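Text of protein27.pdb, listed as PDB, C-alpha atoms:
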ATOM      1  CA  MET P   1      72.456  86.801  20.445  1.00  0.00           C
ATOM      2  CA  ALA P   2      75.166  86.881  23.084  1.00  0.00           C
ATOM      3  CA  GLU P   3      73.061  88.029  26.028  1.00  0.00           C
ATOM      4  CA  LEU P   4      70.736  85.063  25.598  1.00  0.00           C
ATOM      5  CA  GLU P   5      73.668  82.839  26.482  1.00  0.00           C
ATOM      6  CA  ASN P   6      73.396  84.183  30.026  1.00  0.00           C
ATOM      7  CA  PRO P   7      71.457  81.586  32.066  1.00  0.00           C
ATOM      8  CA  ASN P   8      69.793  84.312  34.140  1.00  0.00           C
ATOM      9  CA  VAL P   9      68.552  86.089  31.023  1.00  0.00           C
ATOM     10  CA  MET P  10      67.194  82.839  29.644  1.00  0.00           C
ATOM     11  CA  GLN P  11      65.413  81.975  32.884  1.00  0.00           C
ATOM     12  CA  ASN P  12      63.778  85.406  32.884  1.00  0.00           C
ATOM     13  CA  LEU P  13      62.807  85.008  29.236  1.00  0.00           C
ATOM     14  CA  ILE P  14      61.315  81.556  29.800  1.00  0.00           C
ATOM     15  CA  ALA P  15      59.422  82.802  32.863  1.00  0.00           C
ATOM     16  CA  PHE P  16      57.989  85.735  30.916  1.00  0.00           C
ATOM     17  CA  LEU P  17      57.093  83.661  27.853  1.00  0.00           C
ATOM     18  CA  SER P  18      55.404  81.133  30.122  1.00  0.00           C
ATOM     19  CA  SER P  19      53.370  83.850  31.805  1.00  0.00           C
ATOM     20  CA  LEU P  20      52.402  85.429  28.492  1.00  0.00           C
ATOM     21  CA  ILE P  21      51.371  82.155  26.849  1.00  0.00           C
ATOM     22  CA  GLN P  22      49.532  81.082  30.003  1.00  0.00           C
ATOM     23  CA  LYS P  23      47.422  84.241  29.829  1.00  0.00           C
ATOM     24  CA  VAL P  24      46.713  83.573  26.147  1.00  0.00           C
ATOM     25  CA  ALA P  25      45.580  80.012  26.915  1.00  0.00           C
ATOM     26  CA  GLU P  26      43.440  81.064  29.873  1.00  0.00           C
ATOM     27  CA  SER P  27      41.805  83.836  27.851  1.00  0.00           C
ATOM     28  CA  ASN P  28      40.943  81.436  25.034  1.00  0.00           C
ATOM     29  CA  ASP P  29      39.713  78.838  27.544  1.00  0.00           C
ATOM     30  CA  ALA P  30      37.311  81.433  28.925  1.00  0.00           C
ATOM     31  CA  ASN P  31      36.068  82.271  25.429  1.00  0.00           C
ATOM     32  CA  SER P  32      35.679  78.669  24.302  1.00  0.00           C
ATOM     33  CA  GLY P  33      31.929  78.793  24.813  1.00  0.00           C
ATOM     34  CA  VAL P  34      31.403  81.784  22.525  1.00  0.00           C
ATOM     35  CA  GLN P  35      34.360  81.493  20.148  1.00  0.00           C
ATOM     36  CA  ARG P  36      34.254  78.724  17.574  1.00  0.00           C
ATOM     37  CA  GLN P  37      37.309  76.518  18.072  1.00  0.00           C
ATOM     38  CA  LYS P  38      38.273  73.612  15.848  1.00  0.00           C
ATOM     39  CA  ILE P  39      39.732  70.430  17.316  1.00  0.00           C
ATOM     40  CA  SER P  40      43.127  69.570  15.850  1.00  0.00           C
ATOM     41  CA  VAL P  41      45.952  67.064  16.238  1.00  0.00           C
ATOM     42  CA  PHE P  42      47.420  69.428  18.837  1.00  0.00           C
ATOM     43  CA  HIS P  43      44.516  68.921  21.234  1.00  0.00           C
ATOM     44  CA  GLY P  44      44.867  66.504  24.104  1.00  0.00           C
ATOM     45  CA  LEU P  45      41.928  64.764  25.733  1.00  0.00           C
ATOM     46  CA  THR P  46      42.763  66.415  29.051  1.00  0.00           C
ATOM     47  CA  ARG P  47      44.817  69.369  30.214  1.00  0.00           C
ATOM     48  CA  PRO P  48      48.439  68.339  30.934  1.00  0.00           C
ATOM     49  CA  THR P  49      49.296  68.441  34.612  1.00  0.00           C
ATOM     50  CA  ILE P  50      52.714  70.016  33.989  1.00  0.00           C
ATOM     51  CA  SER P  51      52.697  73.822  33.949  1.00  0.00           C
ATOM     52  CA  ILE P  52      53.778  75.765  30.885  1.00  0.00           C
ATOM     53  CA  GLN P  53      56.855  77.104  32.658  1.00  0.00           C
ATOM     54  CA  SER P  54      57.906  73.659  33.885  1.00  0.00           C
ATOM     55  CA  TYR P  55      57.390  72.336  30.375  1.00  0.00           C
ATOM     56  CA  LEU P  56      59.541  75.062  28.809  1.00  0.00           C
ATOM     57  CA  ASP P  57      62.168  74.553  31.510  1.00  0.00           C
ATOM     58  CA  ARG P  58      62.224  70.851  30.651  1.00  0.00           C
ATOM     59  CA  ILE P  59      62.674  71.582  26.943  1.00  0.00           C
ATOM     60  CA  TYR P  60      65.409  74.106  27.689  1.00  0.00           C
ATOM     61  CA  LYS P  61      67.211  71.587  29.898  1.00  0.00           C
ATOM     62  CA  TYR P  62      67.056  68.539  27.644  1.00  0.00           C
ATOM     63  CA  ALA P  63      66.651  69.742  24.056  1.00  0.00           C
ATOM     64  CA  ASN P  64      69.997  71.579  24.016  1.00  0.00           C
ATOM     65  CA  CYS P  65      68.758  73.972  21.359  1.00  0.00           C
ATOM     66  CA  SER P  66      70.304  77.426  21.077  1.00  0.00           C
ATOM     67  CA  PRO P  67      68.645  80.109  23.249  1.00  0.00           C
ATOM     68  CA  SER P  68      67.564  82.010  20.138  1.00  0.00           C
ATOM     69  CA  CYS P  69      65.217  79.134  19.330  1.00  0.00           C
ATOM     70  CA  PHE P  70      62.842  80.323  22.056  1.00  0.00           C
ATOM     71  CA  VAL P  71      62.445  83.690  20.356  1.00  0.00           C
ATOM     72  CA  VAL P  72      62.000  82.040  16.947  1.00  0.00           C
ATOM     73  CA  ALA P  73      59.439  79.634  18.420  1.00  0.00           C
ATOM     74  CA  TYR P  74      57.489  82.658  19.665  1.00  0.00           C
ATOM     75  CA  VAL P  75      57.568  84.074  16.128  1.00  0.00           C
ATOM     76  CA  TYR P  76      56.192  80.784  14.806  1.00  0.00           C
ATOM     77  CA  LEU P  77      53.397  80.749  17.391  1.00  0.00           C
ATOM     78  CA  HIS P  78      52.436  84.272  16.385  1.00  0.00           C
ATOM     79  CA  ARG P  79      52.379  83.382  12.690  1.00  0.00           C
ATOM     80  CA  PHE P  80      50.405  80.195  13.317  1.00  0.00           C
ATOM     81  CA  ALA P  81      47.815  82.019  15.440  1.00  0.00           C
ATOM     82  CA  ARG P  82      47.369  84.612  12.698  1.00  0.00           C
ATOM     83  CA  ARG P  83      46.945  82.022   9.957  1.00  0.00           C
ATOM     84  CA  GLN P  84      44.760  79.645  11.989  1.00  0.00           C
ATOM     85  CA  PRO P  85      42.234  81.762  13.925  1.00  0.00           C
ATOM     86  CA  SER P  86      39.963  78.742  14.424  1.00  0.00           C
ATOM     87  CA  LEU P  87      42.785  77.009  16.355  1.00  0.00           C
ATOM     88  CA  PRO P  88      43.429  79.408  19.240  1.00  0.00           C
ATOM     89  CA  ILE P  89      46.081  78.508  21.786  1.00  0.00           C
ATOM     90  CA  ASN P  90      44.416  76.985  24.834  1.00  0.00           C
ATOM     91  CA  SER P  91      45.144  74.656  27.737  1.00  0.00           C
ATOM     92  CA  PHE P  92      44.467  71.556  25.646  1.00  0.00           C
ATOM     93  CA  ASN P  93      46.906  72.297  22.807  1.00  0.00           C
ATOM     94  CA  VAL P  94      49.538  74.685  24.161  1.00  0.00           C
ATOM     95  CA  HIS P  95      52.067  72.029  25.227  1.00  0.00           C
ATOM     96  CA  ARG P  96      52.041  70.242  21.878  1.00  0.00           C
ATOM     97  CA  LEU P  97      52.317  73.557  20.067  1.00  0.00           C
ATOM     98  CA  LEU P  98      55.334  74.509  22.181  1.00  0.00           C
ATOM     99  CA  ILE P  99      57.312  71.306  21.632  1.00  0.00           C
ATOM    100  CA  THR P 100      56.533  71.487  17.898  1.00  0.00           C
ATOM    101  CA  THR P 101      57.550  75.111  17.479  1.00  0.00           C
ATOM    102  CA  LEU P 102      60.757  74.644  19.452  1.00  0.00           C
ATOM    103  CA  MET P 103      61.699  71.554  17.465  1.00  0.00           C
ATOM    104  CA  LEU P 104      61.133  73.411  14.190  1.00  0.00           C
ATOM    105  CA  ALA P 105      63.038  76.432  15.484  1.00  0.00           C
ATOM    106  CA  ALA P 106      65.991  74.191  16.349  1.00  0.00           C
ATOM    107  CA  LYS P 107      65.912  72.625  12.891  1.00  0.00           C
ATOM    108  CA  PHE P 108      65.847  76.071  11.300  1.00  0.00           C
ATOM    109  CA  MET P 109      68.357  77.825  13.586  1.00  0.00           C
ATOM    110  CA  ASP P 110      70.869  75.236  14.745  1.00  0.00           C
ATOM    111  CA  ASP P 111      73.549  73.387  12.795  1.00  0.00           C
ATOM    112  CA  MET P 112      73.077  70.351  15.014  1.00  0.00           C
ATOM    113  CA  TYR P 113      69.786  69.163  16.466  1.00  0.00           C
ATOM    114  CA  TYR P 114      68.126  65.972  17.681  1.00  0.00           C
ATOM    115  CA  ASN P 115      65.700  63.885  15.639  1.00  0.00           C
ATOM    116  CA  ASN P 116      61.941  63.819  16.101  1.00  0.00           C
ATOM    117  CA  ALA P 117      62.081  60.772  18.349  1.00  0.00           C
ATOM    118  CA  TYR P 118      64.219  62.642  20.871  1.00  0.00           C
ATOM    119  CA  TYR P 119      61.980  65.720  20.887  1.00  0.00           C
ATOM    120  CA  ALA P 120      58.986  63.448  21.287  1.00  0.00           C
ATOM    121  CA  LYS P 121      60.564  61.948  24.405  1.00  0.00           C
ATOM    122  CA  VAL P 122      61.346  65.395  25.798  1.00  0.00           C
ATOM    123  CA  GLY P 123      57.799  66.513  25.074  1.00  0.00           C
ATOM    124  CA  GLY P 124      56.168  63.438  26.590  1.00  0.00           C
ATOM    125  CA  ILE P 125      54.559  62.147  23.377  1.00  0.00           C
ATOM    126  CA  ASN P 126      55.343  59.338  20.963  1.00  0.00           C
ATOM    127  CA  THR P 127      57.339  59.696  17.759  1.00  0.00           C
ATOM    128  CA  THR P 128      54.406  59.088  15.425  1.00  0.00           C
ATOM    129  CA  GLU P 129      52.477  61.895  17.080  1.00  0.00           C
ATOM    130  CA  MET P 130      55.495  64.180  16.898  1.00  0.00           C
ATOM    131  CA  ASN P 131      55.732  63.556  13.159  1.00  0.00           C
ATOM    132  CA  PHE P 132      52.038  64.379  12.691  1.00  0.00           C
ATOM    133  CA  LEU P 133      52.363  67.535  14.765  1.00  0.00           C
ATOM    134  CA  GLU P 134      55.332  68.705  12.738  1.00  0.00           C
ATOM    135  CA  MET P 135      53.581  68.238   9.401  1.00  0.00           C
ATOM    136  CA  ASP P 136      50.316  69.784  10.585  1.00  0.00           C
ATOM    137  CA  PHE P 137      52.114  72.814  11.983  1.00  0.00           C
ATOM    138  CA  LEU P 138      54.167  73.279   8.810  1.00  0.00           C
ATOM    139  CA  PHE P 139      51.040  73.279   6.655  1.00  0.00           C
ATOM    140  CA  GLY P 140      49.257  75.522   9.138  1.00  0.00           C
ATOM    141  CA  LEU P 141      52.205  77.892   8.978  1.00  0.00           C
ATOM    142  CA  GLY P 142      52.283  77.773   5.197  1.00  0.00           C
ATOM    143  CA  PHE P 143      55.897  76.588   5.533  1.00  0.00           C
ATOM    144  CA  HIS P 144      56.799  80.178   6.466  1.00  0.00           C
ATOM    145  CA  LEU P 145      59.842  79.334   8.581  1.00  0.00           C
ATOM    146  CA  ASN P 146      62.280  82.037   7.598  1.00  0.00           C
ATOM    147  CA  VAL P 147      62.955  84.592  10.328  1.00  0.00           C
ATOM    148  CA  ASN P 148      65.212  87.391   9.151  1.00  0.00           C
ATOM    149  CA  THR P 149      67.412  89.471  11.420  1.00  0.00           C
ATOM    150  CA  LYS P 150      65.015  92.408  11.518  1.00  0.00           C
ATOM    151  CA  THR P 151      62.066  90.234  12.522  1.00  0.00           C
ATOM    152  CA  PHE P 152      64.099  88.444  15.188  1.00  0.00           C
ATOM    153  CA  HIS P 153      65.250  91.717  16.768  1.00  0.00           C
ATOM    154  CA  THR P 154      61.729  93.162  16.607  1.00  0.00           C
ATOM    155  CA  TYR P 155      60.293  90.229  18.544  1.00  0.00           C
ATOM    156  CA  TYR P 156      63.165  90.043  20.997  1.00  0.00           C
ATOM    157  CA  SER P 157      63.050  93.800  21.637  1.00  0.00           C
ATOM    158  CA  TYR P 158      59.340  93.482  22.333  1.00  0.00           C
ATOM    159  CA  LEU P 159      59.951  90.703  24.850  1.00  0.00           C
ATOM    160  CA  GLN P 160      62.733  92.689  26.507  1.00  0.00           C
ATOM    161  CA  ARG P 161      60.536  95.766  26.784  1.00  0.00           C
ATOM    162  CA  GLU P 162      57.625  93.849  28.247  1.00  0.00           C
ATOM    163  CA  MET P 163      59.867  92.081  30.762  1.00  0.00           C
ATOM    164  CA  MET P 164      61.243  95.424  31.929  1.00  0.00           C
ATOM    165  CA  MET P 165      57.717  96.840  32.298  1.00  0.00           C
ATOM    166  CA  MET P 166      56.715  93.919  34.501  1.00  0.00           C
ATOM    167  CA  GLN P 167      59.693  94.269  36.832  1.00  0.00           C
ATOM    168  CA  PRO P 168      58.850  95.971  40.145  1.00  0.00           C
ATOM    169  CA  PRO P 169      60.289  99.499  40.422  1.00  0.00           C
ATOM    170  CA  PRO P 170      63.234 100.011  42.802  1.00  0.00           C
ATOM    171  CA  PRO P 171      62.333 101.378  46.250  1.00  0.00           C
ATOM    172  CA  PRO P 172      62.534 105.186  46.394  1.00  0.00           C
ATOM    173  CA  SER P 173      65.382 106.867  48.223  1.00  0.00           C
ATOM    174  CA  SER P 174      64.658 108.761  51.410  1.00  0.00           C
ATOM    175  CA  ALA P 175      64.839 112.050  49.516  1.00  0.00           C
ATOM    176  CA  GLU P 176      62.399 110.863  46.903  1.00  0.00           C
ATOM    177  CA  SER P 177      60.081 109.583  49.617  1.00  0.00           C
ATOM    178  CA  SER P 178      59.984 112.941  51.372  1.00  0.00           C
ATOM    179  CA  MET P 179      59.361 114.760  48.084  1.00  0.00           C
ATOM    180  CA  SER P 180      56.473 112.482  47.174  1.00  0.00           C
ATOM    181  CA  LEU P 181      54.606 112.690  50.495  1.00  0.00           C
ATOM    182  CA  GLY P 182      50.935 113.255  49.891  1.00  0.00           C
ATOM    183  CA  LEU P 183      51.133 112.310  46.217  1.00  0.00           C
ATOM    184  CA  ALA P 184      49.423 109.135  45.110  1.00  0.00           C
ATOM    185  CA  THR P 185      51.005 107.404  42.143  1.00  0.00           C
ATOM    186  CA  SER P 186      49.733 104.473  40.148  1.00  0.00           C
ATOM    187  CA  THR P 187      51.160 102.363  37.378  1.00  0.00           C
ATOM    188  CA  THR P 188      49.220 100.479  34.777  1.00  0.00           C
ATOM    189  CA  SER P 189      50.760  97.365  33.361  1.00  0.00           C
ATOM    190  CA  ARG P 190      49.428  96.379  29.937  1.00  0.00           C
ATOM    191  CA  VAL P 191      49.298  92.656  29.431  1.00  0.00           C
ATOM    192  CA  HIS P 192      49.128  91.253  25.930  1.00  0.00           C
ATOM    193  CA  LEU P 193      46.682  88.383  25.942  1.00  0.00           C
ATOM    194  CA  CYS P 194      46.823  87.399  22.299  1.00  0.00           C
ATOM    195  CA  PHE P 195      48.974  87.356  19.211  1.00  0.00           C
ATOM    196  CA  ASP P 196      47.228  89.980  17.081  1.00  0.00           C
ATOM    197  CA  ASP P 197      49.400  91.924  14.667  1.00  0.00           C
ATOM    198  CA  GLU P 198      51.149  90.193  11.776  1.00  0.00           C
ATOM    199  CA  GLU P 199      54.693  91.010  10.772  1.00  0.00           C
ATOM    200  CA  SER P 200      55.145  93.886   8.398  1.00  0.00           C
ATOM    201  CA  THR P 201      55.027  93.019   4.712  1.00  0.00           C
ATOM    202  CA  THR P 202      56.977  96.084   3.600  1.00  0.00           C
ATOM    203  CA  SER P 203      60.148  97.723   4.837  1.00  0.00           C
ATOM    204  CA  HIS P 204      58.224 100.933   5.630  1.00  0.00           C
ATOM    205  CA  GLN P 205      55.718  99.350   8.001  1.00  0.00           C
ATOM    206  CA  LYS P 206      56.493  98.878  11.655  1.00  0.00           C
ATOM    207  CA  GLU P 207      56.504  95.281  12.872  1.00  0.00           C
ATOM    208  CA  GLN P 208      54.494  94.678  16.017  1.00  0.00           C
ATOM    209  CA  LEU P 209      53.502  91.698  18.107  1.00  0.00           C
ATOM    210  CA  ALA P 210      50.273  92.478  19.842  1.00  0.00           C
ATOM    211  CA  VAL P 211      47.862  95.227  20.667  1.00  0.00           C
TER     212      VAL P 211
END
Serialized structure, C-alpha coordinates:
Amino acid sequence: MAELENPNVMQNLIAFLSSLIQKVAESNDANSGVQRQKISVFHGLTRPTISIQSYLDRIYKYANCSPSCFVVAYVYLHRFARRQPSLPINSFNVHRLLITTLMLAAKFMDDMYYNNAYYAKVGGINTTEMNFLEMDFLFGLGFHLNVNTKTFHTYYSYLQREMMMMQPPPPPSSAESSMSLGLATSTTSRVHLCFDDEESTTSHQKEQLAV
(Lines of atoms letter the chains of each structure in order from A and count residues from 1; the text may use other names and numbers.)
(Lines give C-alpha, C1' and ligand atoms only; values in the text may rest on other atoms or scores of the structure.)
Protein backbone atom coordinates (compact mmCIF):
# COMPACT_ATOMS: atom_id res chain seq x y z
CA MET A 1 0.00 0.00 0.00
CA ALA A 2 1.52 3.26 -1.19
CA GLU A 3 0.64 5.42 1.80
CA LEU A 4 2.48 3.06 4.13
CA GLU A 5 5.66 4.02 2.32
CA ASN A 6 5.35 7.44 3.95
CA PRO A 7 7.67 7.45 7.00
CA ASN A 8 5.25 9.65 8.95
CA VAL A 9 2.38 7.25 8.33
CA MET A 10 4.52 4.33 9.43
CA GLN A 11 5.65 6.08 12.60
CA ASN A 12 2.02 6.81 13.47
CA LEU A 13 1.06 3.22 12.73
CA ILE A 14 3.88 1.81 14.86
CA ALA A 15 3.01 4.19 17.70
CA PHE A 16 -0.64 3.16 17.60
CA LEU A 17 0.10 -0.57 17.33
CA SER A 18 2.50 -0.24 20.25
CA SER A 19 -0.13 1.49 22.36
CA LEU A 20 -2.79 -1.06 21.44
CA ILE A 21 -0.61 -4.09 22.14
CA GLN A 22 0.67 -2.51 25.35
CA LYS A 23 -2.90 -2.21 26.61
CA VAL A 24 -3.55 -5.84 25.67
CA ALA A 25 -0.46 -6.99 27.59
CA GLU A 26 -1.26 -4.86 30.64
CA SER A 27 -4.85 -6.09 30.70
CA ASN A 28 -3.73 -9.72 30.57
CA ASP A 29 -1.06 -9.06 33.21
CA ALA A 30 -3.78 -7.76 35.52
CA ASN A 31 -5.91 -10.85 34.88
CA SER A 32 -3.08 -13.34 35.30
CA GLY A 33 -4.22 -14.23 38.80
CA VAL A 34 -7.74 -15.20 37.73
CA GLN A 35 -7.21 -16.24 34.11
CA ARG A 36 -5.45 -19.53 33.49
CA GLN A 37 -2.36 -18.85 31.40
CA LYS A 38 -0.04 -21.50 30.02
CA ILE A 39 3.72 -20.96 29.93
CA SER A 40 5.15 -21.29 26.43
CA VAL A 41 8.42 -20.90 24.53
CA PHE A 42 7.46 -17.25 24.04
CA HIS A 43 7.68 -16.48 27.76
CA GLY A 44 10.79 -14.86 29.14
CA LEU A 45 11.90 -15.23 32.74
CA THR A 46 11.59 -11.48 33.25
CA ARG A 47 9.88 -8.60 31.49
CA PRO A 48 12.15 -7.06 28.81
CA THR A 49 13.36 -3.59 29.71
CA ILE A 50 12.83 -2.26 26.18
CA SER A 51 9.36 -0.83 25.55
CA ILE A 52 7.08 -2.27 22.90
CA GLN A 53 7.32 0.87 20.79
CA SER A 54 11.12 0.96 20.99
CA TYR A 55 11.18 -2.71 20.06
CA LEU A 56 8.94 -2.19 17.02
CA ASP A 57 10.98 0.86 16.03
CA ARG A 58 14.12 -1.28 16.19
CA ILE A 59 12.56 -3.97 14.00
CA TYR A 60 11.34 -1.36 11.53
CA LYS A 61 14.80 0.19 11.36
CA TYR A 62 16.89 -2.96 10.97
CA ALA A 63 14.67 -5.67 9.51
CA ASN A 64 14.04 -3.77 6.26
CA CYS A 65 10.74 -5.55 5.75
CA SER A 66 8.01 -3.88 3.70
CA PRO A 67 5.66 -1.61 5.70
CA SER A 68 2.73 -3.91 4.93
CA CYS A 69 4.38 -6.56 7.09
CA PHE A 70 3.31 -4.66 10.21
CA VAL A 71 -0.34 -4.94 9.24
CA VAL A 72 0.06 -8.63 8.35
CA ALA A 73 1.85 -9.25 11.66
CA TYR A 74 -1.15 -7.74 13.44
CA VAL A 75 -3.40 -10.16 11.53
CA TYR A 76 -1.22 -13.05 12.68
CA LEU A 77 -1.34 -11.90 16.30
CA HIS A 78 -5.12 -11.74 16.11
CA ARG A 79 -5.36 -15.23 14.63
CA PHE A 80 -2.92 -16.66 17.17
CA ALA A 81 -4.79 -15.10 20.10
CA ARG A 82 -8.05 -16.58 18.83
CA ARG A 83 -6.60 -20.06 18.38
CA GLN A 84 -4.56 -20.06 21.60
CA PRO A 85 -6.73 -18.53 24.35
CA SER A 86 -4.56 -20.10 27.06
CA LEU A 87 -1.56 -18.11 25.74
CA PRO A 88 -2.73 -14.50 26.09
CA ILE A 89 -0.37 -11.73 25.07
CA ASN A 90 1.34 -10.35 28.16
CA SER A 91 4.50 -8.52 29.22
CA PHE A 92 6.51 -11.74 29.37
CA ASN A 93 5.81 -12.97 25.82
CA VAL A 94 4.85 -9.93 23.74
CA HIS A 95 8.35 -9.13 22.44
CA ARG A 96 9.02 -12.67 21.24
CA LEU A 97 5.60 -12.82 19.64
CA LEU A 98 6.27 -9.56 17.79
CA ILE A 99 9.64 -10.54 16.34
CA THR A 100 8.19 -13.91 15.30
CA THR A 101 5.10 -12.49 13.62
CA LEU A 102 7.08 -9.83 11.78
CA MET A 103 9.63 -12.36 10.56
CA LEU A 104 6.85 -14.62 9.27
CA ALA A 105 5.07 -11.66 7.69
CA ALA A 106 8.27 -10.72 5.86
CA LYS A 107 8.70 -14.28 4.62
CA PHE A 108 5.11 -14.31 3.39
CA MET A 109 4.94 -10.78 1.95
CA ASP A 110 8.40 -9.88 0.69
CA ASP A 111 10.37 -11.27 -2.24
CA MET A 112 13.60 -10.74 -0.32
CA TYR A 113 14.05 -11.18 3.41
CA TYR A 114 16.77 -11.99 5.94
CA ASN A 115 17.33 -15.41 7.48
CA ASN A 116 16.34 -16.42 10.99
CA ALA A 117 19.78 -15.65 12.39
CA TYR A 118 19.46 -12.01 11.35
CA TYR A 119 15.97 -11.62 12.82
CA ALA A 120 17.20 -13.26 15.99
CA LYS A 121 19.93 -10.62 16.27
CA VAL A 122 17.44 -7.83 15.65
CA GLY A 123 15.11 -9.30 18.25
CA GLY A 124 17.81 -9.81 20.87
CA ILE A 125 17.58 -13.62 21.03
CA ASN A 126 19.70 -16.46 19.71
CA THR A 127 19.10 -18.30 16.45
CA THR A 128 18.08 -21.58 18.06
CA GLU A 129 15.39 -19.80 20.04
CA MET A 130 14.22 -17.97 16.94
CA ASN A 131 13.81 -21.29 15.14
CA PHE A 132 11.77 -22.72 18.03
CA LEU A 133 9.59 -19.62 18.17
CA GLU A 134 8.89 -19.80 14.46
CA MET A 135 7.84 -23.44 14.56
CA ASP A 136 5.74 -23.04 17.70
CA PHE A 137 3.95 -20.02 16.27
CA LEU A 138 3.28 -21.77 12.96
CA PHE A 139 1.70 -24.74 14.72
CA GLY A 140 -0.20 -22.42 17.04
CA LEU A 141 -1.47 -20.56 14.00
CA GLY A 142 -2.40 -23.78 12.24
CA PHE A 143 -0.10 -22.63 9.41
CA HIS A 144 -2.81 -20.12 8.46
CA LEU A 145 -0.50 -17.55 6.89
CA ASN A 146 -2.46 -16.44 3.87
CA VAL A 147 -3.81 -12.89 4.10
CA ASN A 148 -5.97 -11.98 1.13
CA THR A 149 -6.53 -8.45 -0.11
CA LYS A 150 -9.92 -8.11 1.56
CA THR A 151 -8.59 -9.18 4.95
CA PHE A 152 -5.58 -6.87 4.67
CA HIS A 153 -7.75 -3.84 3.85
CA THR A 154 -10.21 -4.71 6.62
CA TYR A 155 -7.46 -4.73 9.24
CA TYR A 156 -5.70 -1.68 7.86
CA SER A 157 -8.97 0.28 7.64
CA TYR A 158 -9.65 -0.61 11.26
CA LEU A 159 -6.23 0.66 12.32
CA GLN A 160 -6.70 3.85 10.31
CA ARG A 161 -10.10 4.48 11.86
CA GLU A 162 -8.86 3.91 15.38
CA MET A 163 -5.85 6.17 14.85
CA MET A 164 -8.13 8.96 13.63
CA MET A 165 -10.42 8.53 16.65
CA MET A 166 -7.46 8.89 19.01
CA GLN A 167 -6.20 12.09 17.40
CA PRO A 168 -7.08 15.24 19.36
CA PRO A 169 -9.75 17.37 17.65
CA PRO A 170 -8.63 20.66 16.06
CA PRO A 171 -9.18 23.78 18.19
CA PRO A 172 -12.54 25.45 17.46
CA SER A 173 -12.66 28.69 15.52
CA SER A 174 -13.71 31.86 17.29
CA ALA A 175 -17.17 31.59 15.74
CA GLU A 176 -17.59 28.03 16.89
CA SER A 177 -16.39 28.98 20.36
CA SER A 178 -18.98 31.73 20.69
CA MET A 179 -21.75 29.43 19.45
CA SER A 180 -20.84 26.72 21.94
CA LEU A 181 -20.68 28.93 25.05
CA GLY A 182 -22.52 27.29 27.90
CA LEU A 183 -22.63 23.89 26.21
CA ALA A 184 -20.59 21.10 27.72
CA THR A 185 -19.35 18.49 25.28
CA SER A 186 -17.65 15.21 25.96
CA THR A 187 -16.06 12.57 23.80
CA THR A 188 -15.69 8.93 24.63
CA SER A 189 -12.78 7.09 23.15
CA ARG A 190 -13.26 3.32 22.92
CA VAL A 191 -10.06 1.40 23.41
CA HIS A 192 -9.82 -2.17 22.20
CA LEU A 193 -7.98 -4.16 24.82
CA CYS A 194 -8.06 -7.58 23.20
CA PHE A 195 -8.21 -9.42 19.93
CA ASP A 196 -11.74 -10.85 20.06
CA ASP A 197 -13.50 -11.34 16.75
CA GLU A 198 -12.18 -13.82 14.19
CA GLU A 199 -12.10 -13.05 10.49
CA SER A 200 -15.23 -13.78 8.55
CA THR A 201 -15.51 -17.28 7.12
CA THR A 202 -17.99 -16.32 4.41
CA SER A 203 -18.14 -13.48 1.93
CA HIS A 204 -21.43 -12.27 3.45
CA GLN A 205 -20.12 -11.79 6.98
CA LYS A 206 -18.42 -8.60 8.03
CA GLU A 207 -14.82 -8.96 9.16
CA GLN A 208 -14.02 -7.27 12.45
CA LEU A 209 -11.04 -7.02 14.75
CA ALA A 210 -12.28 -6.43 18.24
CA VAL A 211 -15.30 -5.55 20.28
Fill in: Answer key for the PyMOL selection byres ((chain P and resi 102-117) around 8), residues as a ChimeraX atom specification
/P:63-66,68-70,72-73,98-101,118-121,126-127,130-131,134,145-146
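Picture a line from atom CA of P:Asp29 to atom CA of P:Phe152; it runs 29.0 Å.
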Discussion item. For a cutoff of 10 Å around the file-coordinate point (47.2, 83.3, 8.6), which residues qualify once you count only C-alpha atoms? I'd like the result as JSON, numbers by chain.
Written reply: {"P": [78, 79, 80, 81, 82, 83, 84, 85, 140, 141, 142, 198]}
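We find atom CA of P:Tyr62 and atom CA of P:Phe42 to be spaced 21.5 Å apart.
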Worksheet item: Could you pull the residues within 12 Å of P:Lys61, counting all atoms listed in the file, minus those fewer than 4 positions along the same chain, as a PyMOL selection string?
Response: chain P and resi 7+10-11+14+54-57+65-67+119+122-123
Worksheet item: Quick one: of P:Phe92, P:Phe132, P:Tyr156, P:Tyr74, who's nearest to P:Ile21, counting only C-alpha atoms?
Response: P:Tyr74
Item to complete: Starting from the shown file, work through the PyMOL selection byres ((chain P and resi 19) around 12) and note down what comes out as a PyMOL selection string.
Response: chain P and resi 12-18+20-26+51-54+56+159+162-163+166+191-193
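Take atom CA of P:Thr149 and atom CA of P:Met135: the distance between them is 25.4 Å.
On the file presented, the PyMOL selection byres ((chain P and resi 44) around 10) picks out Ile39, Ser40, Val41, Phe42, His43, Leu45, Thr46, Arg47, Pro48, Ser91, Phe92, Asn93, Val94, His95 and Arg96 of chain P.
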